[in-house]
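In what follows, a structure is listed as structure tokens, so that the remarks can point back to it.
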Amino acid sequence: MFNLLSYALHSLLRRWRKQVALVAIYALVVAFYASVVFFTTSLKYETRAVLKNVPELWVQKLAGGRLVPMPKAFVDSLQDIRGVQAVIPRVWGYNYDSPTGAVFTVVGSDSLVQGLSMVQTSHQGKLQAGMALCGTGFLELRKLKVGDRLTVYDDTGEAKSFEIVGAFTAASDLLTRDLIVLPTKAAQEILGLQPNEVTDVSLSISNSNEIENIGRKLDLRFSGIRVVTKDQLGATYEALFSWRGGIFIYGTILAIFAFLILAWERASGLSAEDRKELGVLKAVGWQISDVLWMKFWEGVIISLSATLSGMIIAYVHVFVFQAPLLKPFLIGWSELYPSYDLFPVFDLSSFLAICSLSVIPYLTATLVPAWRGAITDPAEVMQD
């Protein structure tokens, strides 16, 4: 077997220019496919890490299929649900920023949101009236810094001014890039909520195994509400990333198959030199299995070289240069979308998916034509 591998390697080296060109094209196709896989896998793991800090369950009020404000009195009716550790009303929503054309997120909280840290702050303790915490992306877009005044228009078009007393760390950009945290009362005014209204209610559950059961109880007990669990939110994000990444993956698969069709045509139309080589090998005593093993090793060397080269290119593209060719399409086209680092994540299923799609089809496209050439009578080949 080692002799067959050695012969296959020497056979490739004799035509190294052709093989280098083949590997280069093959590696670029694999690199694009692997970039999408690496990007979406890293994004999914990043999302799972971020979702660790969100509530286990929250309740929203619906009217006509749309989210509507919820009266604070509803909070009291959730306190007696068995298994609910804490009920926390939340004030949040979106506000259009006309100077920049961006839509940012407003959250009402009198203190720092749990799980987030500040990169810079000029105020300690609870937020006072007229104060605001901002995400780094929003500050960059508005060309503001800590200590400046921020003007925001409320639901009626009236301008409200706030002093920026802190900015979130870049490590939390996935959550805070477009975020503005205001005192609860100010956030209600900006979002058009009445003092006795909240956006929704989050529930902290003492036993994580009871989250689904408590969610079903709430659905049965109250009408006109939507109950969302942390697992459902995570599944929604993963489906979204998979859908966006799938568009590029399908396109890359088509490119791979187009490449394999060309490889098949090239291999099935064996050149006179290749046919003569097979004829000589059979004439000196090589069996059909020996020829197939030799071609198998040739295919393994080519496909693995291209696959590993493509993975290295994809790794550098995604994790070193932060996927400049993919990020705008897979993250979104917003004026203010998250800017954060993608960290390498080894996922065995993704690795096997890349290898199976790039190696196995190429081996098939190599071995089938080689078998056809190997079963040809050596005398017939030599006469050609």
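We name chains A, B, ... following the order of the structure tokens; residues begin at 1 in each chain, and ligands are numbered from 1 as shown.
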Mind running region 39-148 of chain A against region 312-328 of chain A at 12 Å and telling me each contacting residue's nearest atom pair with the distance in Å (one decimal), counting only C-alpha atoms, chain and number ascending, as JSON lines?
```
{"residue": "A:Phe39", "atom": "CA", "partner": "A:Val318", "partner_atom": "CA", "distance": 6.4}
{"residue": "A:Thr40", "atom": "CA", "partner": "A:Lys327", "partner_atom": "CA", "distance": 10.1}
{"residue": "A:Thr41", "atom": "CA", "partner": "A:Val318", "partner_atom": "CA", "distance": 11.0}
{"residue": "A:Ser42", "atom": "CA", "partner": "A:Phe319", "partner_atom": "CA", "distance": 9.3}
{"residue": "A:Leu43", "atom": "CA", "partner": "A:Lys327", "partner_atom": "CA", "distance": 10.6}
```
Can you list every residue of region 290-318 of chain A that has an atom at most 7 Å from region 353-373 of chain A, with its nearest atom pair and the distance in Å to one decimal, using only C-alpha atoms, ordered by chain then number, as a Markdown table?
```
| residue | atom | partner | partner_atom | distance |
| --- | --- | --- | --- | --- |
| A:Leu292 | CA | A:Trp371 | CA | 6.4 |
| A:Lys295 | CA | A:Leu367 | CA | 6.4 |
| A:Phe296 | CA | A:Leu367 | CA | 6.4 |
| A:Gly299 | CA | A:Leu363 | CA | 5.4 |
| A:Val300 | CA | A:Leu363 | CA | 6.9 |
| A:Ser303 | CA | A:Val359 | CA | 5.2 |
| A:Leu304 | CA | A:Val359 | CA | 6.7 |
| A:Thr307 | CA | A:Ser358 | CA | 6.6 |
```
Prev. selection, N, CA, C and O atoms, output as an mmCIF file, in the first residue's frame:
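Result file is part-v8.cif:
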```
data_model
loop_
_atom_site.group_PDB
_atom_site.id
_atom_site.type_symbol
_atom_site.label_atom_id
_atom_site.label_comp_id
_atom_site.auth_asym_id
_atom_site.auth_seq_id
_atom_site.Cartn_x
_atom_site.Cartn_y
_atom_site.Cartn_z
ATOM 1 N N LEU A 292 -6.876 1.137 -9.085
ATOM 2 C CA LEU A 292 -7.867 1.910 -8.347
ATOM 3 C C LEU A 292 -7.294 2.484 -7.051
ATOM 4 O O LEU A 292 -7.596 3.621 -6.685
ATOM 5 N N LYS A 295 -5.153 5.473 -7.997
ATOM 6 C CA LYS A 295 -5.988 6.629 -8.293
ATOM 7 C C LYS A 295 -6.690 7.146 -7.035
ATOM 8 O O LYS A 295 -6.933 8.347 -6.898
ATOM 9 N N PHE A 296 -7.025 6.226 -6.140
ATOM 10 C CA PHE A 296 -7.634 6.632 -4.880
ATOM 11 C C PHE A 296 -6.687 7.535 -4.096
ATOM 12 O O PHE A 296 -7.095 8.592 -3.592
ATOM 13 N N GLY A 299 -6.503 10.931 -5.656
ATOM 14 C CA GLY A 299 -7.673 11.726 -5.300
ATOM 15 C C GLY A 299 -7.629 12.213 -3.870
ATOM 16 O O GLY A 299 -8.020 13.352 -3.574
ATOM 17 N N VAL A 300 -7.146 11.351 -2.943
ATOM 18 C CA VAL A 300 -7.042 11.746 -1.534
ATOM 19 C C VAL A 300 -6.066 12.903 -1.375
ATOM 20 O O VAL A 300 -6.333 13.880 -0.662
ATOM 21 N N SER A 303 -7.730 16.105 -3.018
ATOM 22 C CA SER A 303 -8.913 16.612 -2.303
ATOM 23 C C SER A 303 -8.562 17.091 -0.898
ATOM 24 O O SER A 303 -9.068 18.132 -0.453
ATOM 25 N N LEU A 304 -7.697 16.346 -0.190
ATOM 26 C CA LEU A 304 -7.325 16.783 1.153
ATOM 27 C C LEU A 304 -6.479 18.054 1.111
ATOM 28 O O LEU A 304 -6.633 18.943 1.954
ATOM 29 N N THR A 307 -8.953 20.789 0.415
ATOM 30 C CA THR A 307 -9.853 21.004 1.547
ATOM 31 C C THR A 307 -9.150 21.699 2.698
ATOM 32 O O THR A 307 -9.667 22.668 3.275
#
```
| request: Determine which residues of region 19-266 of chain A receive a DSSP assignment of alpha helix (DSSP H), computed from the backbone, and state them as number ranges by chain. | output: A: 19-50, 73-78, 136-142, 173-176, 184-191, 211-221, 230-266
Please produce a file of the residues just selected, as a compact mmCIF listing (two decimals), in the first residue's frame, where the atoms kept are C-alpha atoms.
```txt
# COMPACT_ATOMS: atom_id res chain seq x y z
CA GLN A 19 -2.24 19.81 -10.12
CA VAL A 20 -1.39 23.14 -8.46
CA ALA A 21 -3.93 24.93 -10.67
CA LEU A 22 -6.54 22.28 -9.85
CA VAL A 23 -5.89 22.52 -6.09
CA ALA A 24 -5.97 26.33 -6.17
CA ILE A 25 -9.39 26.50 -7.83
CA TYR A 26 -10.72 23.68 -5.67
CA ALA A 27 -9.42 25.37 -2.48
CA LEU A 28 -11.12 28.68 -3.29
CA VAL A 29 -14.48 26.95 -3.74
CA VAL A 30 -14.04 25.07 -0.46
CA ALA A 31 -12.85 28.28 1.27
CA PHE A 32 -16.07 30.11 0.51
CA TYR A 33 -18.21 27.21 1.74
CA ALA A 34 -16.07 26.79 4.87
CA SER A 35 -16.22 30.55 5.56
CA VAL A 36 -20.02 30.43 5.72
CA VAL A 37 -19.92 27.35 7.97
CA PHE A 38 -17.30 28.86 10.31
CA PHE A 39 -19.15 32.19 10.43
CA THR A 40 -22.59 30.79 11.23
CA THR A 41 -21.19 28.29 13.75
CA SER A 42 -19.29 31.01 15.61
CA LEU A 43 -22.33 33.28 15.53
CA LYS A 44 -24.56 30.55 16.97
CA TYR A 45 -22.17 29.88 19.85
CA GLU A 46 -21.83 33.63 20.49
CA THR A 47 -25.62 33.94 20.60
CA ARG A 48 -25.93 31.05 23.06
CA ALA A 49 -23.40 32.74 25.34
CA VAL A 50 -25.29 36.03 25.18
CA ALA A 73 -51.64 45.52 37.40
CA PHE A 74 -51.07 42.38 35.37
CA VAL A 75 -47.79 41.88 37.24
CA ASP A 76 -49.67 41.19 40.48
CA SER A 77 -51.62 38.35 38.85
CA LEU A 78 -48.36 36.56 38.03
CA THR A 136 -20.61 52.30 21.55
CA GLY A 137 -22.17 52.00 18.09
CA PHE A 138 -24.75 54.68 18.76
CA LEU A 139 -22.11 57.02 20.16
CA GLU A 140 -19.92 56.51 17.09
CA LEU A 141 -22.85 57.11 14.76
CA ARG A 142 -23.88 60.33 16.55
CA ASP A 173 -21.79 44.86 21.35
CA LEU A 174 -24.06 42.02 20.26
CA LEU A 175 -26.57 43.31 22.83
CA THR A 176 -25.65 46.98 23.28
CA THR A 184 -37.79 54.14 33.56
CA LYS A 185 -40.02 57.20 33.60
CA ALA A 186 -38.07 58.89 30.78
CA ALA A 187 -38.12 55.70 28.70
CA GLN A 188 -41.90 55.49 29.08
CA GLU A 189 -42.24 59.05 27.77
CA ILE A 190 -39.93 58.38 24.82
CA LEU A 191 -41.83 55.21 23.88
CA ILE A 211 -40.08 26.48 32.48
CA GLU A 212 -42.16 24.76 29.80
CA ASN A 213 -44.83 23.68 32.29
CA ILE A 214 -45.17 27.20 33.72
CA GLY A 215 -45.37 28.59 30.19
CA ARG A 216 -48.27 26.25 29.38
CA LYS A 217 -50.03 27.21 32.62
CA LEU A 218 -49.83 30.89 31.70
CA ASP A 219 -51.18 30.21 28.20
CA LEU A 220 -54.17 28.38 29.65
CA ARG A 221 -54.81 30.84 32.46
CA LYS A 230 -35.20 31.34 26.48
CA ASP A 231 -34.99 28.10 24.46
CA GLN A 232 -37.53 29.37 21.94
CA LEU A 233 -35.59 32.61 21.48
CA GLY A 234 -32.36 30.69 20.99
CA ALA A 235 -33.99 28.40 18.44
CA THR A 236 -35.35 31.43 16.57
CA TYR A 237 -31.92 33.04 16.32
CA GLU A 238 -30.29 29.79 15.21
CA ALA A 239 -32.95 29.31 12.55
CA LEU A 240 -32.38 32.88 11.35
CA PHE A 241 -28.61 32.45 11.09
CA SER A 242 -29.04 29.04 9.44
CA TRP A 243 -31.46 30.52 6.89
CA ARG A 244 -29.15 33.38 5.97
CA GLY A 245 -26.11 31.14 5.90
CA GLY A 246 -28.03 28.53 3.93
CA ILE A 247 -28.47 30.93 1.02
CA PHE A 248 -24.70 31.13 0.61
CA ILE A 249 -24.19 27.44 1.36
CA TYR A 250 -26.60 26.40 -1.38
CA GLY A 251 -24.82 28.69 -3.82
CA THR A 252 -21.46 27.24 -2.81
CA ILE A 253 -22.75 23.67 -3.14
CA LEU A 254 -23.81 24.46 -6.70
CA ALA A 255 -20.31 25.83 -7.35
CA ILE A 256 -18.75 22.66 -5.88
CA PHE A 257 -20.94 20.43 -8.02
CA ALA A 258 -20.10 22.50 -11.11
CA PHE A 259 -16.42 22.05 -10.27
CA LEU A 260 -16.90 18.31 -9.76
CA ILE A 261 -18.67 18.01 -13.11
CA LEU A 262 -15.65 19.60 -14.75
CA ALA A 263 -13.38 17.25 -12.81
CA TRP A 264 -15.51 14.30 -13.92
CA GLU A 265 -15.32 15.37 -17.54
CA ARG A 266 -11.58 15.81 -17.27
```
| field | 8 Å contact set for Glu56 (chain A), only C-alpha atoms, chain neighbours under 2 positions out, as a PyMOL selection string | value | chain A and resi 54+58+202-205+208+211+229-230
Could the residues in this selection be saved with C-alpha atoms as a PDB file, in the first residue's frame?
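Output saved as result30.pdb:
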```pdb
ATOM      1  CA  VAL A  54     -31.771  36.757  29.432  1.00  0.00           C
ATOM      2  CA  TRP A  58     -41.331  36.392  29.658  1.00  0.00           C
ATOM      3  CA  SER A 202     -39.940  38.773  32.578  1.00  0.00           C
ATOM      4  CA  LEU A 203     -40.185  35.836  34.956  1.00  0.00           C
ATOM      5  CA  SER A 204     -37.357  34.207  36.862  1.00  0.00           C
ATOM      6  CA  ILE A 205     -38.052  30.507  37.372  1.00  0.00           C
ATOM      7  CA  SER A 208     -35.317  25.296  35.076  1.00  0.00           C
ATOM      8  CA  ILE A 211     -40.077  26.482  32.476  1.00  0.00           C
ATOM      9  CA  THR A 229     -38.973  30.990  26.701  1.00  0.00           C
ATOM     10  CA  LYS A 230     -35.205  31.336  26.476  1.00  0.00           C
TER      11      LYS A 230
END
```
| task | May I have the residues within 10 Å of Ser6 (chain A) as a count of residues only, using only C-alpha atoms and disregarding those fewer than 6 positions away in the same chain? | result | 3
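Proximity of A:Asn3, A:Thr199, A:Ser11, A:Gln128 to Val68 (chain A), computed with only C-alpha atoms, is greatest for A:Thr199.
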| field | Which of A:Ala283, A:Val201, A:Leu127, A:Ala159 sits closest to Leu57 (chain A) [using only C-alpha atoms] | value | A:Val201
